[in-house]
Amino acid sequence: MATNKGQSKKKRNSKYAAAQKEKLSAGDFFVGFGKGEIFSFCVGLLFVTLAVFILIAMVSYLFTGEADFSLVESKSDVLNTGLKYKNVCGSWGAIVAYYLLNDLFGLASFIIPPYLIILGFRLMRIFKFTLVRKFILMTLLMLWTSVFLAAFGYLFPFFEGSFLKLGGNHGIQVVKALTQLIGAPGLLAVLAITAVLYLIYMSTKTIEMIRNAFRLNFLKKINPERLKRFMKKDDDDEEGDDEDDDNEEAEEGDIDMDAINNKDAYTDDLIEHVASGSDEDVTNVVEFDDVNGTAGNDAAGDDEDENHLDGDVLDVDLTELPSTNTGMTVEAKETEKGSGKIMRGDINTPYDPKLDLEHYKYPTLGLLKKSDDQTPQIDMIEQNANKDRIIQVLKQFGVEIKSIKATIGPTITLYEIVPAEGTRISKIRNLEDDIALSLAAEGIRIIAPIPGKGTIGIEVPNKKKCIVSMESVINSRIYQESKMELPCAIGKTISNEVFMFDLAKAPHLLVAGATGQGKSVGLNAIVTSLLYKKHPSELKIVMVDPKKVEFSIYSPIENHFLARLEEEEDCIITDVQKVVKTLNSLCALMDSRYDLLKRAQARNIKEYNEMFKNRRLNPEHGHEFMPYIVVIVDEFGDLIMTAGKEVEHPICRIAQLARAVGIHMIIATQRPQASIISGAIKANFPTRIAFKVSSMMDSRVILDRAGANQLIGKGDMLFLSGAEPVRVQCAFVDTPEVNEICHHIATQQSFLHPLYLPEVADAEGDGGAGMGTVDKGHLDPMFADVAKFVVNNQSGSTSMIQRNYSIGYNRAGKIMDQLEKMGVVGPQVGSKPREVLIKDPLTLEGLLNTIG
């Protein structure tokens with residue numbers, strides 16, 4: 001009993017001591033007041049309070065200044081003993097507001113309180129940002145605004161005699177001096193020039209915006225042919241004088257703005273924007289020197305609070321990738337200086353397909369949002385805890401390890417362990433569930449062993465996940481300097497490196513995953529990366545969207561980048577019958593391209609286009625430049641359920657043969673089942689992306705192995721193109737960003753129409769959805785009965801024929817097309833029933849008798 005009482009007393013004493021440690025005595029407060037955080041916080045709080053006081057006083061002065069003006073001028077009753085001041089903040093508030101609004105900068109003084117608040121928040125460490133640039137910007141803005149308001153009051157003396165001076169004494173004195181020297185026009189010119197210089201200091205894009213404003217307005221008023229003749233004559237006359245200047249500009253890396261037809265002059269905004277950006281892809285590697293919990297004595301990074309752990313400092317090795325930006329690689333070859341020297345028909349000059357839209361400007365990085373939380377932060381408490389739990393679980397099951405290292409990615413941390421000699425890999429692989437239970441985390445995945453390394457990987461989700469923005473991927477050096485034909489940048493790996501692949505070498509992509517796990521965002525990321533790299537003359541996209549809402553956002557750019565059948569009105573294909581017809585048309589296009597390759601003796605589209613650019617192929621013999629065509633099919637499972645082999649057969653044919661002629665397919669489905677993703681599809685789609693799925697069986701259907709069922713969702717995916725899949729966090733591109741990109745492209749000069757796919761006659765029988773040219777001898781046996789039914793009811797639709805005659809969708813669709821070709825019903829208009837063109841049974845009988 002005595003022992004128990006002693007132990008309980010010790011516990012109470014220890015708790016009391018711990019509580020006393022947490023309390024901050026008065027002496028400790030004053031001793032540490034001037035040493036750092038407490039002092040900064042108090043001074044910051046003082047600045048914020050002062051700013052709020054000044055702001056309220058100035059706002060109140062706008063309404064009470066007329067009554068307080070004489071009191072402040074006479075400096076009477078400063079202590080406000082008689083309560084004569086009407087200002088809400090008393091006599092002091094009235095005096096402060098008077099000196100700021102009248103004696104100093106006028107209404108521009110309202111810029112002072114926001115800056116004091118920013119300064120206070122910075123000292124309180126609520127936000128972290130640099131103050132020097134903000135101080136310079138706000139000071140310059142305050143001085144300019146003061147002069148501008150004073151100039152306004154000078155030119156329009158509406159406030160003359162008022163208690164309030166719009167620009168304060170500062171603005172009035174400056175305006176008075178300038179008007180005496182250069183007059184009112186000079187004053188306005190100085191204000192305009194200083195405003196432009198201020199905007200340039202804020203952003204260098206101001207220069208390009210001004211150039212574009214003058215350039216677009218100028219070009220709209222000039223006939224292009226007349227401008228071309230004029231520029232050619234002018235260049236011929238001054239060629240000798242300008243040659244030296246052009247060479248000097250080329251050496252300095254500037255773009256010749258004299259050549260209006262030089263397309264590179266219209267893409268310099270992209271180059272400048274990227275060159276001023278940052279490319280800080282950081283690979284965070286934490287190496288644990290001792291698997292028992294001790295670590296090195298150095299800590300990398302500026303934030304000591306995250307790296308110190310109860311006296312122990314973990315060795316953090318931060319390896320930075322090269323961060324030098326040399327500018328976006330723009331797919332536009334530089335032509336000779338001066339317009340008019342290179343003509344499209346000149347046989348001595350290589351053909352440039354981009355000259356059809358020579359003023360096309362690639363999308364800029366400013367259209368994409370920059371995420372503030374996109375760099376993985378090293379939380380040493382979390383890393384140390386996970387390391388200890390992994391080691392503890394392995395030891396419990398008799399697995400000894402030599403070393404352990406952690407690589408921190410945007411959403412996943414990879415722990416690489418080196419097991420002791422004689423340890424069976426299968427033993428570690430079987431502990432996956434036990435490790436997940438110990439770490440209390442979902443999505444644990446064991447890679448045993450890691451290909452190319454003598455280690456075993458354990459992937460653990462981070463508690464704090466980072467967003468991989470599309471801006472960080474597009475702005476990366478690997479994307480900017482990429483020479484791929486069809487670069488698809490889709491996200492970042494566990495090592496925080498940008499992951500991209502060449503769709504031209506893939507050559508086809510299968511995307512699958514459960515609903516809401518990131519498939520649509522992944523497709524948008526692929527399309528966005530293509531739009532940022534390719535010119536409209538080099539790339540065309542065929543979009544199939546049975547859901548009717550996923551790809552409709554790309555409709556504005558149909559004349560630039562999309563392709564469709566000539567008879568169709570919408571470039572986004574949503575109807576199943578039109579999908580079949582479009583796929584058959586792509587097969588016909590593939591065959592015709594192969595014929596052209598055969599006649600040109602070229603093996604693939606790249607060789608063929610090189611020959612065409614070098615003018616070794618004659619367009620009069622049917623040769624033409626071939627753009628790449630990317631076919632994107634969303635909700636592939638719905639198409640298979642509706643049309644079956646009619647869709648699968650042309651897709652497999654395209655996947656087998658179309659690579660060499662530049663036609664590549666991307667199909668996506670949210671139903672990863674064997675009935676949807678058949679063996680024929682998997683055999684022809686070697687490159688696959690698997691988002692999170694619900695079961696191991698679904699993962700095996702997509703990847704032929706487990707793994708996709710262990711992902712954590714929200715863009716977490718496995719990319720398979722070879723032996724082992726790579727785990728990637730998909731880049732996030734939001735709908736407003738895609739809207740901005742499409743608007744940027746749509747507002748520019750475009751082709752007269754989308755790329756028209758060749759017309760083909762649909763197959764006969766149940767396999768065809770339409771008849772093309774109706775053969776009277778091959779009408780459906782039920783044609784007459786259905787025609788009479790439709791005319792009698794004066795209404796017709798495919799679903800109505802299905803219900804009333806108990807036939808399949810394909811046959812009902814075929815009969816409906818035959819009725820349209822024979823003039824019984826009109827064309828389809830959305831989801832409404834078709835209009836019946838024959839109004840009475842007698843007219844129909846005459847038609848049926850005619851066809852026999």
# chains A, B, ... in the order shown; residues from 1 in each chain; ligands from 1
call {"tool": "residues_around", "arguments": {"residues": "Thr493 in chain A", "least_positions_apart": "5", "cutoff": "7 Å", "atoms": "only C-alpha atoms", "output": "PyMOL selection string"}}
result
chain A and resi 409+498-499+727-729
call {"tool": "write_last_selection", "arguments": {"atoms": "N, CA, C and O atoms", "output": "PDB file, in the first residue's frame"}}
result
ATOM      1  N   GLY A 409       6.685  12.609 -51.925  1.00  0.00           N
ATOM      2  CA  GLY A 409       6.054  13.103 -53.134  1.00  0.00           C
ATOM      3  C   GLY A 409       4.865  13.988 -52.810  1.00  0.00           C
ATOM      4  O   GLY A 409       4.607  14.297 -51.642  1.00  0.00           O
ATOM      5  N   VAL A 498       8.154  15.773 -62.991  1.00  0.00           N
ATOM      6  CA  VAL A 498       7.053  15.830 -63.965  1.00  0.00           C
ATOM      7  C   VAL A 498       7.075  14.566 -64.811  1.00  0.00           C
ATOM      8  O   VAL A 498       8.123  14.171 -65.337  1.00  0.00           O
ATOM      9  N   PHE A 499       5.907  13.955 -64.945  1.00  0.00           N
ATOM     10  CA  PHE A 499       5.802  12.718 -65.717  1.00  0.00           C
ATOM     11  C   PHE A 499       5.066  13.017 -67.017  1.00  0.00           C
ATOM     12  O   PHE A 499       3.968  13.578 -67.007  1.00  0.00           O
ATOM     13  N   ARG A 727       3.619   5.021 -60.345  1.00  0.00           N
ATOM     14  CA  ARG A 727       2.579   5.733 -59.602  1.00  0.00           C
ATOM     15  C   ARG A 727       2.730   7.237 -59.826  1.00  0.00           C
ATOM     16  O   ARG A 727       3.813   7.804 -59.624  1.00  0.00           O
ATOM     17  N   VAL A 728       1.658   7.876 -60.249  1.00  0.00           N
ATOM     18  CA  VAL A 728       1.680   9.294 -60.630  1.00  0.00           C
ATOM     19  C   VAL A 728       0.492   9.986 -59.981  1.00  0.00           C
ATOM     20  O   VAL A 728      -0.601   9.412 -59.903  1.00  0.00           O
ATOM     21  N   GLN A 729       0.726  11.219 -59.514  1.00  0.00           N
ATOM     22  CA  GLN A 729      -0.372  12.066 -59.064  1.00  0.00           C
ATOM     23  C   GLN A 729      -0.779  12.962 -60.225  1.00  0.00           C
ATOM     24  O   GLN A 729       0.005  13.780 -60.694  1.00  0.00           O
TER      25      GLN A 729
END
call {"tool": "residues_around", "arguments": {"residues": "Gly65 in chain A", "least_positions_apart": "3", "cutoff": "10 Å", "atoms": "only C-alpha atoms", "output": "JSON, numbers by chain"}}
result
{"A": [58, 59, 60, 61, 62, 68, 69, 70, 71, 72, 85, 86, 87, 94, 97, 98, 162, 163, 164]}
call {"tool": "residues_around", "arguments": {"residues": "Gly106 in chain A", "least_positions_apart": "6", "cutoff": "8 Å", "atoms": "only C-alpha atoms", "output": "list in words"}}
result
Leu100, Ser146, Leu164, Lys165, Leu166, Gly167, Gly168, Asn169 and Gly171 of chain A
call {"tool": "atom_distance", "arguments": {"atom1": "CA of Arg211 in chain A", "atom2": "CA of Leu197 in chain A"}}
result
14.6 Å
call {"tool": "select_by_dssp", "arguments": {"residues": "range 409-519 of chain A", "states": "alpha helix (DSSP H)", "output": "ChimeraX atom specification"}}
result
/A:425-429,432-439,470-474,477-480,519
call {"tool": "residues_around", "arguments": {"residues": "Glu442 in chain A", "least_positions_apart": "4", "cutoff": "9 Å", "atoms": "only C-alpha atoms", "output": "list in words"}}
result
Ala436, Leu437, Val460, Pro461, Gln710, Leu711 and Ile712 of chain A
call {"tool": "select_by_dssp", "arguments": {"residues": "range 584-748 of chain A", "states": "strand (DSSP E)", "output": "list in words"}}
result
Tyr628, Ile629, Val630, Val631, Ile632, Val633, Ile663, His664, Met665, Ile666, Ile667, Ala668, Thr669, Thr687, Arg688, Ile689, Ala690, Phe691, Asp716, Met717, Leu718, Phe719, Leu720, Val726, Arg727, Val728, Gln729 and Cys730 of chain A
call {"tool": "write_last_selection", "arguments": {"atoms": "N, CA, C and O atoms", "output": "mmCIF file, in the first residue's frame"}}
result
data_model
loop_
_atom_site.group_PDB
_atom_site.id
_atom_site.type_symbol
_atom_site.label_atom_id
_atom_site.label_comp_id
_atom_site.auth_asym_id
_atom_site.auth_seq_id
_atom_site.Cartn_x
_atom_site.Cartn_y
_atom_site.Cartn_z
ATOM 1 N N TYR A 628 -1.515 15.188 -87.172
ATOM 2 C CA TYR A 628 -1.814 14.087 -86.257
ATOM 3 C C TYR A 628 -3.290 14.154 -85.862
ATOM 4 O O TYR A 628 -3.854 15.249 -85.711
ATOM 5 N N ILE A 629 -3.904 13.011 -85.711
ATOM 6 C CA ILE A 629 -5.310 12.941 -85.300
ATOM 7 C C ILE A 629 -5.389 12.116 -84.022
ATOM 8 O O ILE A 629 -4.934 10.960 -83.986
ATOM 9 N N VAL A 630 -5.924 12.721 -82.974
ATOM 10 C CA VAL A 630 -6.105 12.042 -81.690
ATOM 11 C C VAL A 630 -7.600 11.831 -81.476
ATOM 12 O O VAL A 630 -8.379 12.799 -81.475
ATOM 13 N N VAL A 631 -7.997 10.586 -81.328
ATOM 14 C CA VAL A 631 -9.401 10.232 -81.118
ATOM 15 C C VAL A 631 -9.593 9.949 -79.636
ATOM 16 O O VAL A 631 -8.953 9.039 -79.085
ATOM 17 N N ILE A 632 -10.438 10.718 -78.970
ATOM 18 C CA ILE A 632 -10.696 10.550 -77.537
ATOM 19 C C ILE A 632 -12.131 10.080 -77.357
ATOM 20 O O ILE A 632 -13.077 10.770 -77.751
ATOM 21 N N VAL A 633 -12.289 8.910 -76.779
ATOM 22 C CA VAL A 633 -13.605 8.299 -76.585
ATOM 23 C C VAL A 633 -13.854 8.191 -75.085
ATOM 24 O O VAL A 633 -13.174 7.432 -74.386
ATOM 25 N N ILE A 663 -2.721 8.423 -86.499
ATOM 26 C CA ILE A 663 -4.024 8.401 -85.836
ATOM 27 C C ILE A 663 -3.872 7.617 -84.543
ATOM 28 O O ILE A 663 -3.470 6.454 -84.557
ATOM 29 N N HIS A 664 -4.162 8.258 -83.427
ATOM 30 C CA HIS A 664 -3.960 7.648 -82.111
ATOM 31 C C HIS A 664 -5.245 7.756 -81.307
ATOM 32 O O HIS A 664 -5.959 8.753 -81.378
ATOM 33 N N MET A 665 -5.510 6.725 -80.512
ATOM 34 C CA MET A 665 -6.774 6.639 -79.783
ATOM 35 C C MET A 665 -6.548 6.686 -78.279
ATOM 36 O O MET A 665 -5.579 6.148 -77.760
ATOM 37 N N ILE A 666 -7.484 7.351 -77.606
ATOM 38 C CA ILE A 666 -7.558 7.348 -76.139
ATOM 39 C C ILE A 666 -8.990 6.976 -75.782
ATOM 40 O O ILE A 666 -9.931 7.685 -76.151
ATOM 41 N N ILE A 667 -9.161 5.851 -75.115
ATOM 42 C CA ILE A 667 -10.509 5.442 -74.709
ATOM 43 C C ILE A 667 -10.544 5.386 -73.181
ATOM 44 O O ILE A 667 -9.580 4.985 -72.539
ATOM 45 N N ALA A 668 -11.673 5.824 -72.627
ATOM 46 C CA ALA A 668 -11.831 5.874 -71.177
ATOM 47 C C ALA A 668 -13.143 5.209 -70.790
ATOM 48 O O ALA A 668 -14.136 5.292 -71.520
ATOM 49 N N THR A 669 -13.131 4.554 -69.651
ATOM 50 C CA THR A 669 -14.335 3.893 -69.164
ATOM 51 C C THR A 669 -14.321 3.858 -67.646
ATOM 52 O O THR A 669 -13.255 3.804 -67.019
ATOM 53 N N THR A 687 -0.489 0.851 -73.644
ATOM 54 C CA THR A 687 -0.313 1.903 -72.650
ATOM 55 C C THR A 687 -1.628 2.117 -71.925
ATOM 56 O O THR A 687 -2.652 2.382 -72.560
ATOM 57 N N ARG A 688 -1.582 2.032 -70.596
ATOM 58 C CA ARG A 688 -2.830 2.099 -69.834
ATOM 59 C C ARG A 688 -2.636 2.961 -68.592
ATOM 60 O O ARG A 688 -1.551 2.985 -68.002
ATOM 61 N N ILE A 689 -3.703 3.633 -68.210
ATOM 62 C CA ILE A 689 -3.749 4.421 -66.978
ATOM 63 C C ILE A 689 -4.896 3.895 -66.140
ATOM 64 O O ILE A 689 -6.034 3.813 -66.605
ATOM 65 N N ALA A 690 -4.582 3.534 -64.901
ATOM 66 C CA ALA A 690 -5.602 3.006 -63.992
ATOM 67 C C ALA A 690 -5.744 3.947 -62.807
ATOM 68 O O ALA A 690 -4.775 4.179 -62.070
ATOM 69 N N PHE A 691 -6.919 4.519 -62.653
ATOM 70 C CA PHE A 691 -7.239 5.258 -61.436
ATOM 71 C C PHE A 691 -7.798 4.262 -60.410
ATOM 72 O O PHE A 691 -7.897 3.065 -60.673
ATOM 73 N N ASP A 716 -4.875 9.978 -57.991
ATOM 74 C CA ASP A 716 -3.809 8.995 -57.788
ATOM 75 C C ASP A 716 -3.984 7.887 -58.816
ATOM 76 O O ASP A 716 -5.051 7.281 -58.906
ATOM 77 N N MET A 717 -2.931 7.606 -59.598
ATOM 78 C CA MET A 717 -3.085 6.646 -60.689
ATOM 79 C C MET A 717 -1.805 5.854 -60.899
ATOM 80 O O MET A 717 -0.730 6.218 -60.414
ATOM 81 N N LEU A 718 -1.965 4.749 -61.658
ATOM 82 C CA LEU A 718 -0.843 3.921 -62.084
ATOM 83 C C LEU A 718 -0.754 3.996 -63.604
ATOM 84 O O LEU A 718 -1.744 3.768 -64.299
ATOM 85 N N PHE A 719 0.431 4.313 -64.085
ATOM 86 C CA PHE A 719 0.664 4.403 -65.528
ATOM 87 C C PHE A 719 1.488 3.192 -65.947
ATOM 88 O O PHE A 719 2.590 2.961 -65.439
ATOM 89 N N LEU A 720 0.957 2.405 -66.877
ATOM 90 C CA LEU A 720 1.624 1.185 -67.328
ATOM 91 C C LEU A 720 1.986 1.312 -68.798
ATOM 92 O O LEU A 720 1.122 1.513 -69.642
ATOM 93 N N VAL A 726 3.996 2.834 -63.026
ATOM 94 C CA VAL A 726 4.559 3.974 -62.308
ATOM 95 C C VAL A 726 3.421 4.707 -61.618
ATOM 96 O O VAL A 726 2.392 4.999 -62.233
ATOM 97 N N ARG A 727 3.619 5.021 -60.345
ATOM 98 C CA ARG A 727 2.579 5.733 -59.602
ATOM 99 C C ARG A 727 2.730 7.237 -59.826
ATOM 100 O O ARG A 727 3.813 7.804 -59.624
ATOM 101 N N VAL A 728 1.658 7.876 -60.249
ATOM 102 C CA VAL A 728 1.680 9.294 -60.630
ATOM 103 C C VAL A 728 0.492 9.986 -59.981
ATOM 104 O O VAL A 728 -0.601 9.412 -59.903
ATOM 105 N N GLN A 729 0.726 11.219 -59.514
ATOM 106 C CA GLN A 729 -0.372 12.066 -59.064
ATOM 107 C C GLN A 729 -0.779 12.962 -60.225
ATOM 108 O O GLN A 729 0.005 13.780 -60.694
ATOM 109 N N CYS A 730 -2.004 12.784 -60.691
ATOM 110 C CA CYS A 730 -2.466 13.505 -61.880
ATOM 111 C C CYS A 730 -2.533 15.005 -61.625
ATOM 112 O O CYS A 730 -2.928 15.451 -60.539
#
call {"tool": "closest_residue", "arguments": {"among": "A:Met800, A:Val836, A:Val733, A:Leu50", "to": "Lys369 in chain A", "atoms": "only C-alpha atoms"}}
result
A:Val733
call {"tool": "residues_around", "arguments": {"residues": "Arg705 in chain A", "least_positions_apart": "6", "cutoff": "9 Å", "atoms": "only C-alpha atoms", "output": "short mmCIF file (atom, residue, chain, number, x, y, z; two decimals) with N, CA and C atoms, in the first residue's frame"}}
result
data_model
loop_
_atom_site.label_atom_id
_atom_site.label_comp_id
_atom_site.auth_asym_id
_atom_site.auth_seq_id
_atom_site.Cartn_x
_atom_site.Cartn_y
_atom_site.Cartn_z
N MET A 696 -9.77 -5.88 -56.62
CA MET A 696 -8.55 -6.37 -57.25
C MET A 696 -8.85 -6.92 -58.64
N MET A 697 -10.05 -7.49 -58.83
CA MET A 697 -10.42 -8.03 -60.13
C MET A 697 -10.44 -6.93 -61.20
N SER A 699 -8.75 -4.19 -61.12
CA SER A 699 -7.36 -3.80 -61.37
C SER A 699 -6.68 -4.78 -62.32
#
call {"tool": "residues_around", "arguments": {"residues": "range 118-133 of chain A", "least_positions_apart": "5", "cutoff": "6 Å", "atoms": "only C-alpha atoms", "output": "PyMOL selection string"}}
result
chain A and resi 40-41+44-45+47-48
